[in-house]
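What follows is the content of structure-v9.cif (mmCIF, N, CA and C atoms).
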data_entry
#
loop_
_atom_site.label_atom_id
_atom_site.label_comp_id
_atom_site.auth_asym_id
_atom_site.auth_seq_id
_atom_site.Cartn_x
_atom_site.Cartn_y
_atom_site.Cartn_z
N MET A 4 -223.76 123.48 -87.09
CA MET A 4 -222.47 122.84 -87.26
C MET A 4 -222.47 122.08 -88.59
N THR A 5 -221.39 122.24 -89.31
CA THR A 5 -221.22 121.47 -90.54
C THR A 5 -219.98 120.59 -90.41
N LEU A 6 -220.07 119.41 -91.00
CA LEU A 6 -218.95 118.47 -91.03
C LEU A 6 -218.54 118.28 -92.48
N THR A 7 -217.25 118.42 -92.74
CA THR A 7 -216.73 118.30 -94.10
C THR A 7 -215.57 117.32 -94.12
N THR A 8 -215.52 116.52 -95.18
CA THR A 8 -214.43 115.58 -95.38
C THR A 8 -213.58 116.05 -96.55
N TYR A 9 -212.28 116.15 -96.32
CA TYR A 9 -211.32 116.44 -97.38
C TYR A 9 -210.44 115.21 -97.55
N ASP A 10 -210.16 114.89 -98.82
CA ASP A 10 -209.28 113.77 -99.14
C ASP A 10 -208.73 114.00 -100.55
N ALA A 11 -208.27 112.95 -101.19
CA ALA A 11 -207.69 113.08 -102.53
C ALA A 11 -208.72 113.51 -103.57
N PHE A 12 -210.00 113.30 -103.28
CA PHE A 12 -211.05 113.62 -104.24
C PHE A 12 -211.73 114.95 -103.93
N ASN A 13 -211.98 115.21 -102.67
CA ASN A 13 -212.54 116.49 -102.24
C ASN A 13 -211.38 117.30 -101.67
N ARG A 14 -210.74 118.07 -102.52
CA ARG A 14 -209.46 118.72 -102.22
C ARG A 14 -209.60 119.88 -101.24
N ILE A 15 -208.64 119.97 -100.34
CA ILE A 15 -208.55 121.09 -99.42
C ILE A 15 -207.62 122.13 -100.05
N THR A 16 -207.93 123.40 -99.89
CA THR A 16 -207.09 124.45 -100.47
C THR A 16 -205.87 124.71 -99.58
N PRO A 17 -204.82 125.28 -100.15
CA PRO A 17 -203.64 125.63 -99.34
C PRO A 17 -203.99 126.58 -98.19
N LEU A 18 -204.89 127.52 -98.42
CA LEU A 18 -205.30 128.43 -97.35
C LEU A 18 -206.00 127.68 -96.22
N GLN A 19 -206.89 126.75 -96.59
CA GLN A 19 -207.59 125.96 -95.58
C GLN A 19 -206.61 125.06 -94.83
N MET A 20 -205.60 124.53 -95.53
CA MET A 20 -204.58 123.71 -94.87
C MET A 20 -203.87 124.52 -93.79
N GLU A 21 -203.57 125.76 -94.12
CA GLU A 21 -202.89 126.63 -93.16
C GLU A 21 -203.80 126.92 -91.96
N LYS A 22 -205.09 127.15 -92.22
CA LYS A 22 -206.04 127.40 -91.14
C LYS A 22 -206.16 126.19 -90.21
N VAL A 23 -206.22 125.00 -90.80
CA VAL A 23 -206.33 123.78 -90.00
C VAL A 23 -205.04 123.58 -89.19
N THR A 24 -203.90 123.84 -89.81
CA THR A 24 -202.63 123.72 -89.10
C THR A 24 -202.61 124.66 -87.88
N ASN A 25 -202.98 125.90 -88.10
CA ASN A 25 -202.99 126.88 -86.99
C ASN A 25 -203.99 126.48 -85.91
N PHE A 26 -205.16 125.99 -86.33
CA PHE A 26 -206.17 125.55 -85.37
C PHE A 26 -205.62 124.41 -84.51
N LEU A 27 -205.09 123.38 -85.15
CA LEU A 27 -204.58 122.23 -84.40
C LEU A 27 -203.42 122.63 -83.49
N HIS A 28 -202.53 123.46 -84.00
CA HIS A 28 -201.38 123.89 -83.19
C HIS A 28 -201.87 124.59 -81.92
N GLU A 29 -202.88 125.43 -82.05
CA GLU A 29 -203.38 126.17 -80.89
C GLU A 29 -204.17 125.27 -79.93
N HIS A 30 -205.05 124.43 -80.47
CA HIS A 30 -206.00 123.72 -79.61
C HIS A 30 -205.55 122.34 -79.17
N LEU A 31 -204.45 121.83 -79.71
CA LEU A 31 -203.90 120.58 -79.18
C LEU A 31 -203.14 120.83 -77.88
N GLY A 32 -202.69 122.05 -77.70
CA GLY A 32 -201.98 122.40 -76.47
C GLY A 32 -200.75 121.53 -76.25
N LYS A 33 -200.60 121.03 -75.03
CA LYS A 33 -199.41 120.25 -74.69
C LYS A 33 -199.36 118.90 -75.40
N TYR A 34 -200.44 118.50 -76.04
CA TYR A 34 -200.46 117.22 -76.76
C TYR A 34 -200.16 117.39 -78.25
N GLY A 35 -199.76 118.59 -78.65
CA GLY A 35 -199.54 118.88 -80.05
C GLY A 35 -198.09 118.82 -80.47
N ASP A 36 -197.87 119.16 -81.72
CA ASP A 36 -196.55 119.17 -82.34
C ASP A 36 -196.29 120.55 -82.92
N ASP A 37 -195.09 120.71 -83.46
CA ASP A 37 -194.77 121.94 -84.17
C ASP A 37 -195.66 122.07 -85.41
N LYS A 38 -195.85 123.30 -85.85
CA LYS A 38 -196.68 123.53 -87.03
C LYS A 38 -196.17 122.78 -88.25
N SER A 39 -194.86 122.67 -88.39
CA SER A 39 -194.32 121.98 -89.56
C SER A 39 -194.74 120.51 -89.58
N ALA A 40 -194.77 119.86 -88.43
CA ALA A 40 -195.19 118.46 -88.37
C ALA A 40 -196.68 118.33 -88.67
N ILE A 41 -197.47 119.23 -88.12
CA ILE A 41 -198.91 119.21 -88.38
C ILE A 41 -199.18 119.42 -89.87
N MET A 42 -198.50 120.36 -90.47
CA MET A 42 -198.68 120.63 -91.90
C MET A 42 -198.30 119.41 -92.75
N LYS A 43 -197.24 118.71 -92.37
CA LYS A 43 -196.84 117.50 -93.11
C LYS A 43 -197.93 116.45 -93.06
N ALA A 44 -198.53 116.25 -91.89
CA ALA A 44 -199.60 115.25 -91.76
C ALA A 44 -200.82 115.64 -92.60
N ILE A 45 -201.15 116.91 -92.60
CA ILE A 45 -202.28 117.40 -93.40
C ILE A 45 -201.97 117.26 -94.89
N ALA A 46 -200.77 117.62 -95.29
CA ALA A 46 -200.38 117.51 -96.70
C ALA A 46 -200.39 116.05 -97.15
N TYR A 47 -199.95 115.15 -96.28
CA TYR A 47 -199.99 113.72 -96.61
C TYR A 47 -201.45 113.27 -96.81
N ALA A 48 -202.32 113.65 -95.87
CA ALA A 48 -203.74 113.26 -95.98
C ALA A 48 -204.37 113.81 -97.25
N ALA A 49 -203.95 115.00 -97.66
CA ALA A 49 -204.51 115.65 -98.85
C ALA A 49 -203.84 115.19 -100.14
N LYS A 50 -202.90 114.26 -100.03
CA LYS A 50 -202.12 113.75 -101.17
C LYS A 50 -201.29 114.85 -101.82
N GLU A 51 -200.84 115.80 -101.01
CA GLU A 51 -199.93 116.83 -101.48
C GLU A 51 -198.48 116.39 -101.24
N ARG A 52 -198.29 115.31 -100.54
CA ARG A 52 -196.99 114.68 -100.30
C ARG A 52 -197.07 113.26 -100.83
N THR A 53 -195.94 112.68 -101.13
CA THR A 53 -195.91 111.30 -101.59
C THR A 53 -196.49 110.39 -100.52
N GLY A 54 -197.40 109.55 -100.92
CA GLY A 54 -198.02 108.61 -99.99
C GLY A 54 -199.43 108.28 -100.42
N LEU A 55 -200.12 107.58 -99.56
CA LEU A 55 -201.45 107.08 -99.88
C LEU A 55 -202.57 108.07 -99.58
N GLY A 56 -202.25 109.13 -98.86
CA GLY A 56 -203.27 110.11 -98.53
C GLY A 56 -203.94 109.78 -97.22
N GLY A 57 -205.17 110.25 -97.10
CA GLY A 57 -205.92 110.04 -95.87
C GLY A 57 -207.14 110.94 -95.86
N TYR A 58 -207.46 111.44 -94.70
CA TYR A 58 -208.67 112.23 -94.51
C TYR A 58 -208.40 113.42 -93.60
N ILE A 59 -209.08 114.51 -93.88
CA ILE A 59 -209.12 115.66 -92.98
C ILE A 59 -210.61 115.91 -92.76
N PHE A 60 -211.04 115.79 -91.52
CA PHE A 60 -212.44 116.02 -91.17
C PHE A 60 -212.52 117.32 -90.39
N LEU A 61 -213.37 118.23 -90.84
CA LEU A 61 -213.53 119.51 -90.17
C LEU A 61 -214.95 119.70 -89.68
N MET A 62 -215.07 120.23 -88.48
CA MET A 62 -216.36 120.67 -87.94
C MET A 62 -216.29 122.18 -87.84
N GLU A 63 -217.28 122.84 -88.46
CA GLU A 63 -217.29 124.29 -88.46
C GLU A 63 -218.63 124.83 -87.96
N ASP A 64 -218.57 125.97 -87.31
CA ASP A 64 -219.74 126.69 -86.84
C ASP A 64 -219.67 128.07 -87.48
N ASN A 65 -220.56 128.33 -88.45
CA ASN A 65 -220.53 129.60 -89.19
C ASN A 65 -219.15 129.90 -89.76
N HIS A 66 -218.55 128.91 -90.43
CA HIS A 66 -217.26 129.02 -91.10
C HIS A 66 -216.07 129.15 -90.14
N LYS A 67 -216.30 128.93 -88.85
CA LYS A 67 -215.23 128.95 -87.85
C LYS A 67 -214.92 127.50 -87.49
N ILE A 68 -213.65 127.10 -87.58
CA ILE A 68 -213.27 125.74 -87.24
C ILE A 68 -213.46 125.54 -85.74
N VAL A 69 -214.24 124.52 -85.38
CA VAL A 69 -214.43 124.18 -83.97
C VAL A 69 -213.92 122.78 -83.65
N GLY A 70 -213.54 122.03 -84.69
CA GLY A 70 -212.97 120.71 -84.49
C GLY A 70 -212.30 120.23 -85.76
N ALA A 71 -211.25 119.43 -85.59
CA ALA A 71 -210.53 118.90 -86.75
C ALA A 71 -209.92 117.55 -86.42
N VAL A 72 -209.90 116.68 -87.42
CA VAL A 72 -209.26 115.37 -87.32
C VAL A 72 -208.40 115.19 -88.56
N VAL A 73 -207.20 114.65 -88.37
CA VAL A 73 -206.32 114.29 -89.50
C VAL A 73 -206.00 112.81 -89.36
N ILE A 74 -206.31 112.05 -90.41
CA ILE A 74 -206.03 110.62 -90.45
C ILE A 74 -205.19 110.34 -91.69
N ASN A 75 -204.10 109.62 -91.50
CA ASN A 75 -203.24 109.21 -92.61
C ASN A 75 -203.41 107.72 -92.87
N LYS A 76 -203.48 107.36 -94.16
CA LYS A 76 -203.54 105.94 -94.54
C LYS A 76 -202.15 105.33 -94.40
N THR A 77 -202.09 104.12 -93.87
CA THR A 77 -200.81 103.43 -93.68
C THR A 77 -200.46 102.53 -94.85
N GLY A 78 -201.48 102.09 -95.59
CA GLY A 78 -201.23 101.16 -96.67
C GLY A 78 -201.06 99.73 -96.20
N MET A 79 -201.33 99.49 -94.95
CA MET A 79 -201.16 98.16 -94.38
C MET A 79 -202.51 97.68 -93.87
N ASP A 80 -202.74 96.41 -93.96
CA ASP A 80 -203.93 95.84 -93.36
C ASP A 80 -203.61 94.43 -92.90
N GLU A 81 -204.44 93.91 -92.09
CA GLU A 81 -204.30 92.59 -91.47
C GLU A 81 -203.22 92.53 -90.40
N TYR A 82 -202.16 93.33 -90.50
CA TYR A 82 -201.12 93.26 -89.47
C TYR A 82 -200.91 94.59 -88.77
N ILE A 83 -201.27 95.70 -89.40
CA ILE A 83 -201.28 97.03 -88.79
C ILE A 83 -202.53 97.72 -89.34
N PRO A 84 -203.23 98.49 -88.53
CA PRO A 84 -204.43 99.16 -89.05
C PRO A 84 -204.14 100.00 -90.31
N GLU A 85 -205.14 100.06 -91.17
CA GLU A 85 -205.01 100.78 -92.45
C GLU A 85 -204.87 102.28 -92.28
N ASN A 86 -205.25 102.79 -91.13
CA ASN A 86 -205.25 104.23 -90.88
C ASN A 86 -204.67 104.55 -89.51
N ILE A 87 -204.05 105.71 -89.42
CA ILE A 87 -203.61 106.22 -88.13
C ILE A 87 -204.19 107.60 -87.92
N LEU A 88 -204.87 107.76 -86.81
CA LEU A 88 -205.40 109.07 -86.45
C LEU A 88 -204.22 109.86 -85.89
N VAL A 89 -203.84 110.89 -86.61
CA VAL A 89 -202.65 111.66 -86.24
C VAL A 89 -203.01 112.80 -85.29
N TYR A 90 -204.10 113.53 -85.60
CA TYR A 90 -204.50 114.66 -84.77
C TYR A 90 -206.01 114.74 -84.66
N ILE A 91 -206.48 115.11 -83.47
CA ILE A 91 -207.87 115.48 -83.26
C ILE A 91 -207.89 116.56 -82.18
N ALA A 92 -208.68 117.59 -82.41
CA ALA A 92 -208.81 118.66 -81.42
C ALA A 92 -210.16 119.33 -81.60
N THR A 93 -210.68 119.82 -80.48
CA THR A 93 -211.86 120.69 -80.51
C THR A 93 -211.43 122.05 -79.96
N HIS A 94 -212.12 123.06 -80.41
CA HIS A 94 -211.85 124.43 -79.98
C HIS A 94 -212.04 124.51 -78.47
N LYS A 95 -211.11 125.15 -77.79
CA LYS A 95 -211.17 125.20 -76.32
C LYS A 95 -212.45 125.83 -75.79
N ASP A 96 -213.06 126.75 -76.54
CA ASP A 96 -214.30 127.38 -76.10
C ASP A 96 -215.53 126.50 -76.32
N TYR A 97 -215.38 125.39 -77.04
CA TYR A 97 -216.51 124.51 -77.36
C TYR A 97 -216.42 123.17 -76.64
N ARG A 98 -215.44 122.99 -75.79
CA ARG A 98 -215.26 121.70 -75.11
C ARG A 98 -216.37 121.48 -74.09
N GLY A 99 -216.64 120.20 -73.83
CA GLY A 99 -217.66 119.83 -72.86
C GLY A 99 -219.07 119.80 -73.44
N GLN A 100 -219.18 119.95 -74.76
CA GLN A 100 -220.49 119.95 -75.42
C GLN A 100 -220.75 118.69 -76.24
N GLY A 101 -219.83 117.73 -76.17
CA GLY A 101 -219.99 116.49 -76.93
C GLY A 101 -219.52 116.58 -78.37
N LEU A 102 -218.89 117.69 -78.73
CA LEU A 102 -218.44 117.85 -80.12
C LEU A 102 -217.30 116.90 -80.46
N GLY A 103 -216.41 116.65 -79.51
CA GLY A 103 -215.31 115.73 -79.76
C GLY A 103 -215.82 114.34 -80.08
N LYS A 104 -216.81 113.89 -79.33
CA LYS A 104 -217.40 112.57 -79.59
C LYS A 104 -218.07 112.54 -80.96
N LYS A 105 -218.82 113.59 -81.27
CA LYS A 105 -219.50 113.66 -82.57
C LYS A 105 -218.49 113.67 -83.71
N LEU A 106 -217.43 114.43 -83.56
CA LEU A 106 -216.39 114.51 -84.59
C LEU A 106 -215.68 113.18 -84.74
N MET A 107 -215.36 112.55 -83.61
CA MET A 107 -214.68 111.26 -83.66
C MET A 107 -215.56 110.19 -84.30
N GLN A 108 -216.85 110.19 -83.97
CA GLN A 108 -217.76 109.22 -84.57
C GLN A 108 -217.89 109.46 -86.07
N TYR A 109 -217.92 110.72 -86.48
CA TYR A 109 -217.96 111.05 -87.91
C TYR A 109 -216.72 110.51 -88.62
N ALA A 110 -215.57 110.68 -87.99
CA ALA A 110 -214.31 110.18 -88.58
C ALA A 110 -214.36 108.66 -88.70
N ILE A 111 -214.81 107.98 -87.66
CA ILE A 111 -214.90 106.51 -87.69
C ILE A 111 -215.85 106.07 -88.80
N ASP A 112 -216.99 106.73 -88.90
CA ASP A 112 -218.01 106.36 -89.90
C ASP A 112 -217.56 106.63 -91.34
N ASN A 113 -216.65 107.57 -91.53
CA ASN A 113 -216.26 107.98 -92.88
C ASN A 113 -214.85 107.56 -93.26
N CYS A 114 -214.24 106.75 -92.47
CA CYS A 114 -212.88 106.27 -92.73
C CYS A 114 -212.96 104.78 -93.02
N LYS A 115 -212.39 104.35 -94.12
CA LYS A 115 -212.43 102.94 -94.49
C LYS A 115 -211.28 102.19 -93.80
N GLY A 116 -211.61 101.11 -93.12
CA GLY A 116 -210.60 100.28 -92.48
C GLY A 116 -210.42 100.60 -91.00
N ASP A 117 -209.55 99.82 -90.38
CA ASP A 117 -209.26 99.98 -88.96
C ASP A 117 -208.46 101.26 -88.73
N ILE A 118 -208.54 101.76 -87.50
CA ILE A 118 -207.87 103.01 -87.14
C ILE A 118 -207.04 102.80 -85.88
N ALA A 119 -205.81 103.23 -85.93
CA ALA A 119 -204.94 103.24 -84.75
C ALA A 119 -204.75 104.69 -84.33
N LEU A 120 -204.43 104.89 -83.06
CA LEU A 120 -204.08 106.23 -82.59
C LEU A 120 -203.14 106.08 -81.41
N HIS A 121 -202.40 107.13 -81.15
CA HIS A 121 -201.54 107.20 -79.97
C HIS A 121 -202.11 108.25 -79.05
N VAL A 122 -202.16 107.94 -77.78
CA VAL A 122 -202.66 108.90 -76.80
C VAL A 122 -201.82 108.76 -75.53
N GLU A 123 -201.44 109.90 -74.98
CA GLU A 123 -200.71 109.88 -73.72
C GLU A 123 -201.63 109.39 -72.62
N LYS A 124 -201.08 108.66 -71.66
CA LYS A 124 -201.90 108.05 -70.62
C LYS A 124 -202.63 109.08 -69.76
N ASP A 125 -202.13 110.33 -69.71
CA ASP A 125 -202.79 111.35 -68.89
C ASP A 125 -203.73 112.25 -69.69
N ASN A 126 -203.90 111.96 -70.99
CA ASN A 126 -204.77 112.78 -71.84
C ASN A 126 -206.23 112.43 -71.54
N PRO A 127 -207.05 113.42 -71.15
CA PRO A 127 -208.46 113.13 -70.85
C PRO A 127 -209.23 112.54 -72.03
N ALA A 128 -208.76 112.76 -73.25
CA ALA A 128 -209.44 112.21 -74.43
C ALA A 128 -209.37 110.69 -74.46
N LYS A 129 -208.46 110.10 -73.72
CA LYS A 129 -208.32 108.64 -73.66
C LYS A 129 -209.65 107.97 -73.31
N PHE A 130 -210.41 108.58 -72.40
CA PHE A 130 -211.69 108.00 -71.99
C PHE A 130 -212.71 108.03 -73.13
N LEU A 131 -212.69 109.07 -73.94
CA LEU A 131 -213.56 109.14 -75.11
C LEU A 131 -213.23 108.02 -76.08
N TYR A 132 -211.94 107.83 -76.36
CA TYR A 132 -211.54 106.78 -77.30
C TYR A 132 -211.99 105.41 -76.80
N GLU A 133 -211.86 105.18 -75.51
CA GLU A 133 -212.28 103.90 -74.95
C GLU A 133 -213.80 103.72 -75.08
N LYS A 134 -214.58 104.78 -74.85
CA LYS A 134 -216.03 104.71 -75.01
C LYS A 134 -216.43 104.39 -76.44
N LEU A 135 -215.61 104.83 -77.40
CA LEU A 135 -215.91 104.60 -78.81
C LEU A 135 -215.39 103.25 -79.31
N GLY A 136 -214.78 102.46 -78.42
CA GLY A 136 -214.37 101.11 -78.78
C GLY A 136 -212.88 100.90 -78.99
N PHE A 137 -212.07 101.92 -78.84
CA PHE A 137 -210.62 101.74 -78.97
C PHE A 137 -210.10 100.99 -77.76
N THR A 138 -209.16 100.09 -78.01
CA THR A 138 -208.53 99.32 -76.93
C THR A 138 -207.03 99.51 -76.99
N ASN A 139 -206.36 99.09 -75.95
CA ASN A 139 -204.91 99.21 -75.87
C ASN A 139 -204.29 97.81 -75.76
N PRO A 140 -204.23 97.08 -76.88
CA PRO A 140 -203.71 95.71 -76.81
C PRO A 140 -202.18 95.61 -76.78
N TYR A 141 -201.47 96.70 -77.06
CA TYR A 141 -200.02 96.64 -77.18
C TYR A 141 -199.35 97.75 -76.39
N LEU A 142 -198.11 97.53 -76.08
CA LEU A 142 -197.26 98.54 -75.53
C LEU A 142 -196.37 99.02 -76.68
N GLU A 143 -196.42 100.28 -76.99
CA GLU A 143 -195.59 100.80 -78.08
C GLU A 143 -194.19 101.09 -77.56
N MET A 144 -193.22 100.70 -78.35
CA MET A 144 -191.82 101.00 -78.04
C MET A 144 -191.21 101.64 -79.27
N ARG A 145 -190.30 102.57 -79.06
CA ARG A 145 -189.65 103.27 -80.17
C ARG A 145 -188.16 103.35 -79.95
N LEU A 146 -187.44 103.30 -81.04
CA LEU A 146 -186.00 103.56 -81.05
C LEU A 146 -185.83 104.88 -81.77
N LYS A 147 -185.39 105.90 -81.07
CA LYS A 147 -185.17 107.22 -81.68
C LYS A 147 -183.69 107.36 -82.01
N ARG A 148 -183.44 107.89 -83.19
CA ARG A 148 -182.05 108.09 -83.62
C ARG A 148 -181.78 109.55 -83.85
#
Just give me the structure of the file as structure tokens.
Amino acid sequence: MTLTTYDAFNRITPLQMEKVTNFLHEHLGKYGDDKSAIMKAIAYAAKERTGLGGYIFLMEDNHKIVGAVVINKTGMDEYIPENILVYIATHKDYRGQGLGKKLMQYAIDNCKGDIALHVEKDNPAKFLYEKLGFTNPYLEMRLKR
């Protein structure tokens, strides 16, 4: 298994962006978004869109993506975490092997600043996040227009 970090300095190619988008779309399942939303988050992390950028962490087994994380920088600190974990997924055939934990720990270790994430209350990954030290101090509310 290899772990790779892509950001504004270690650039991801457009082809790799498409592969990561397709991977996340397939393996996020019911917790995912449309491909266009996933691509926007990846493009933001890669500084291909206006913004501060972020990180794309990939876990590969013989050049096959088996896990991916997308983190976007918020540009805020002290009052909102500097980073938001937008997507994380492991390949459905590789689940139950501890790869999600390894990938998440790699992301935490290689991301500067605090990290926020959103997780549905019924998502089994919630327990992993709690084991890694994430807490739920707030109730999120949104106004959709």
6 Å contact set for range 61-73 of chain A, only N, CA and C atoms, chain neighbours under 4 positions out, as a VMD selection string: chain A and resid 4 to 9 87 to 94
Within 12 Å of range 119-128 of chain A using only C-alpha atoms, minus same-chain residues under 4 positions, as a compact mmCIF listing (two decimals) with N, CA and C atoms, keeping the file's coordinate frame:
# COMPACT_ATOMS: atom_id res chain seq x y z
N LEU A 31 -204.45 121.83 -79.71
CA LEU A 31 -203.90 120.58 -79.18
C LEU A 31 -203.14 120.83 -77.88
N GLY A 32 -202.69 122.05 -77.70
CA GLY A 32 -201.98 122.40 -76.47
C GLY A 32 -200.75 121.53 -76.25
N LYS A 33 -200.60 121.03 -75.03
CA LYS A 33 -199.41 120.25 -74.69
C LYS A 33 -199.36 118.90 -75.40
N TYR A 34 -200.44 118.50 -76.04
CA TYR A 34 -200.46 117.22 -76.76
C TYR A 34 -200.16 117.39 -78.25
N GLY A 35 -199.76 118.59 -78.65
CA GLY A 35 -199.54 118.88 -80.05
C GLY A 35 -198.09 118.82 -80.47
N VAL A 72 -209.90 116.68 -87.42
CA VAL A 72 -209.26 115.37 -87.32
C VAL A 72 -208.40 115.19 -88.56
N VAL A 73 -207.20 114.65 -88.37
CA VAL A 73 -206.32 114.29 -89.50
C VAL A 73 -206.00 112.81 -89.36
N ILE A 74 -206.31 112.05 -90.41
CA ILE A 74 -206.03 110.62 -90.45
C ILE A 74 -205.19 110.34 -91.69
N ASN A 75 -204.10 109.62 -91.50
CA ASN A 75 -203.24 109.21 -92.61
C ASN A 75 -203.41 107.72 -92.87
N LYS A 76 -203.48 107.36 -94.16
CA LYS A 76 -203.54 105.94 -94.54
C LYS A 76 -202.15 105.33 -94.40
N THR A 77 -202.09 104.12 -93.87
CA THR A 77 -200.81 103.43 -93.68
C THR A 77 -200.46 102.53 -94.85
N MET A 79 -201.33 99.49 -94.95
CA MET A 79 -201.16 98.16 -94.38
C MET A 79 -202.51 97.68 -93.87
N ASP A 80 -202.74 96.41 -93.96
CA ASP A 80 -203.93 95.84 -93.36
C ASP A 80 -203.61 94.43 -92.90
N TYR A 82 -202.16 93.33 -90.50
CA TYR A 82 -201.12 93.26 -89.47
C TYR A 82 -200.91 94.59 -88.77
N ILE A 83 -201.27 95.70 -89.40
CA ILE A 83 -201.28 97.03 -88.79
C ILE A 83 -202.53 97.72 -89.34
N PRO A 84 -203.23 98.49 -88.53
CA PRO A 84 -204.43 99.16 -89.05
C PRO A 84 -204.14 100.00 -90.31
N GLU A 85 -205.14 100.06 -91.17
CA GLU A 85 -205.01 100.78 -92.45
C GLU A 85 -204.87 102.28 -92.28
N ASN A 86 -205.25 102.79 -91.13
CA ASN A 86 -205.25 104.23 -90.88
C ASN A 86 -204.67 104.55 -89.51
N ILE A 87 -204.05 105.71 -89.42
CA ILE A 87 -203.61 106.22 -88.13
C ILE A 87 -204.19 107.60 -87.92
N LEU A 88 -204.87 107.76 -86.81
CA LEU A 88 -205.40 109.07 -86.45
C LEU A 88 -204.22 109.86 -85.89
N VAL A 89 -203.84 110.89 -86.61
CA VAL A 89 -202.65 111.66 -86.24
C VAL A 89 -203.01 112.80 -85.29
N TYR A 90 -204.10 113.53 -85.60
CA TYR A 90 -204.50 114.66 -84.77
C TYR A 90 -206.01 114.74 -84.66
N ILE A 91 -206.48 115.11 -83.47
CA ILE A 91 -207.87 115.48 -83.26
C ILE A 91 -207.89 116.56 -82.18
N ALA A 92 -208.68 117.59 -82.41
CA ALA A 92 -208.81 118.66 -81.42
C ALA A 92 -210.16 119.33 -81.60
N THR A 93 -210.68 119.82 -80.48
CA THR A 93 -211.86 120.69 -80.51
C THR A 93 -211.43 122.05 -79.96
N ARG A 98 -215.44 122.99 -75.79
CA ARG A 98 -215.26 121.70 -75.11
C ARG A 98 -216.37 121.48 -74.09
N GLY A 99 -216.64 120.20 -73.83
CA GLY A 99 -217.66 119.83 -72.86
C GLY A 99 -219.07 119.80 -73.44
N GLY A 101 -219.83 117.73 -76.17
CA GLY A 101 -219.99 116.49 -76.93
C GLY A 101 -219.52 116.58 -78.37
N GLY A 103 -216.41 116.65 -79.51
CA GLY A 103 -215.31 115.73 -79.76
C GLY A 103 -215.82 114.34 -80.08
N LYS A 104 -216.81 113.89 -79.33
CA LYS A 104 -217.40 112.57 -79.59
C LYS A 104 -218.07 112.54 -80.96
N MET A 107 -215.36 112.55 -83.61
CA MET A 107 -214.68 111.26 -83.66
C MET A 107 -215.56 110.19 -84.30
N ILE A 111 -214.81 107.98 -87.66
CA ILE A 111 -214.90 106.51 -87.69
C ILE A 111 -215.85 106.07 -88.80
N CYS A 114 -214.24 106.75 -92.47
CA CYS A 114 -212.88 106.27 -92.73
C CYS A 114 -212.96 104.78 -93.02
N TYR A 132 -211.94 107.83 -76.36
CA TYR A 132 -211.54 106.78 -77.30
C TYR A 132 -211.99 105.41 -76.80
N GLU A 133 -211.86 105.18 -75.51
CA GLU A 133 -212.28 103.90 -74.95
C GLU A 133 -213.80 103.72 -75.08
N LYS A 134 -214.58 104.78 -74.85
CA LYS A 134 -216.03 104.71 -75.01
C LYS A 134 -216.43 104.39 -76.44
N LEU A 135 -215.61 104.83 -77.40
CA LEU A 135 -215.91 104.60 -78.81
C LEU A 135 -215.39 103.25 -79.31
N GLY A 136 -214.78 102.46 -78.42
CA GLY A 136 -214.37 101.11 -78.78
C GLY A 136 -212.88 100.90 -78.99
N PHE A 137 -212.07 101.92 -78.84
CA PHE A 137 -210.62 101.74 -78.97
C PHE A 137 -210.10 100.99 -77.76
N THR A 138 -209.16 100.09 -78.01
CA THR A 138 -208.53 99.32 -76.93
C THR A 138 -207.03 99.51 -76.99
N ASN A 139 -206.36 99.09 -75.95
CA ASN A 139 -204.91 99.21 -75.87
C ASN A 139 -204.29 97.81 -75.76
N PRO A 140 -204.23 97.08 -76.88
CA PRO A 140 -203.71 95.71 -76.81
C PRO A 140 -202.18 95.61 -76.78
N TYR A 141 -201.47 96.70 -77.06
CA TYR A 141 -200.02 96.64 -77.18
C TYR A 141 -199.35 97.75 -76.39
N LEU A 142 -198.11 97.53 -76.08
CA LEU A 142 -197.26 98.54 -75.53
C LEU A 142 -196.37 99.02 -76.68
N GLU A 143 -196.42 100.28 -76.99
CA GLU A 143 -195.59 100.80 -78.08
C GLU A 143 -194.19 101.09 -77.56
N MET A 144 -193.22 100.70 -78.35
CA MET A 144 -191.82 101.00 -78.04
C MET A 144 -191.21 101.64 -79.27
Distance query range 42-47 of chain A at most 6.5 Å, all atoms listed in the file, self and fewer than 6 positions along chain excluded, as a ChimeraX atom specification: /A:24,53-57,73,75
Backbone DSSP call of alpha helix (DSSP H) for chain A, listed as a VMD selection string: chain A and resid 17 to 31 38 to 48 102 to 113 128 to 134
From A:Tyr109, A:Ile118, A:Lys95, A:Leu102, residue lying nearest Glu29 in chain A [only N, CA and C atoms]: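 Between A:Tyr109, A:Ile118, A:Lys95, A:Leu102, the residue approaching Glu29 in chain A most closely is A:Lys95.
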DSSP-assigned strand (DSSP E or B) members of chain A, reported as number ranges by chain: A: 5-9, 57-64, 67-76, 86-93, 118-120
For Ile59 in chain A, the nearest of the candidates A:Gln100, A:Asp10, A:Ser39, A:Gly78, counting only N, CA and C atoms: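 Ranking A:Gln100, A:Asp10, A:Ser39, A:Gly78 by distance to Ile59 in chain A, first place goes to A:Asp10.
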A:His30, A:Lys50, A:Lys147, A:Ala40 ranked by distance to Asp96 in chain A, top pick (using only C-alpha atoms):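 Of A:His30, A:Lys50, A:Lys147, A:Ala40, the one nearest Asp96 in chain A, counting only C-alpha atoms, is A:His30.
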Two-atom distance - CA of Thr16 in chain A, CA of Ile41 in chain A (Å): 15.5 Å
Residues within 7 Å of His28 in chain A, only C-alpha atoms, excluding chain neighbours under 6 positions, as a list in words: Gly35, Asp36, Asp37 and Lys38 of chain A
Using only C-alpha atoms: which of A:Ala11, A:Lys115, A:Leu106, A:Leu131 has the shortest distance to Arg52 in chain A: A:Ala11
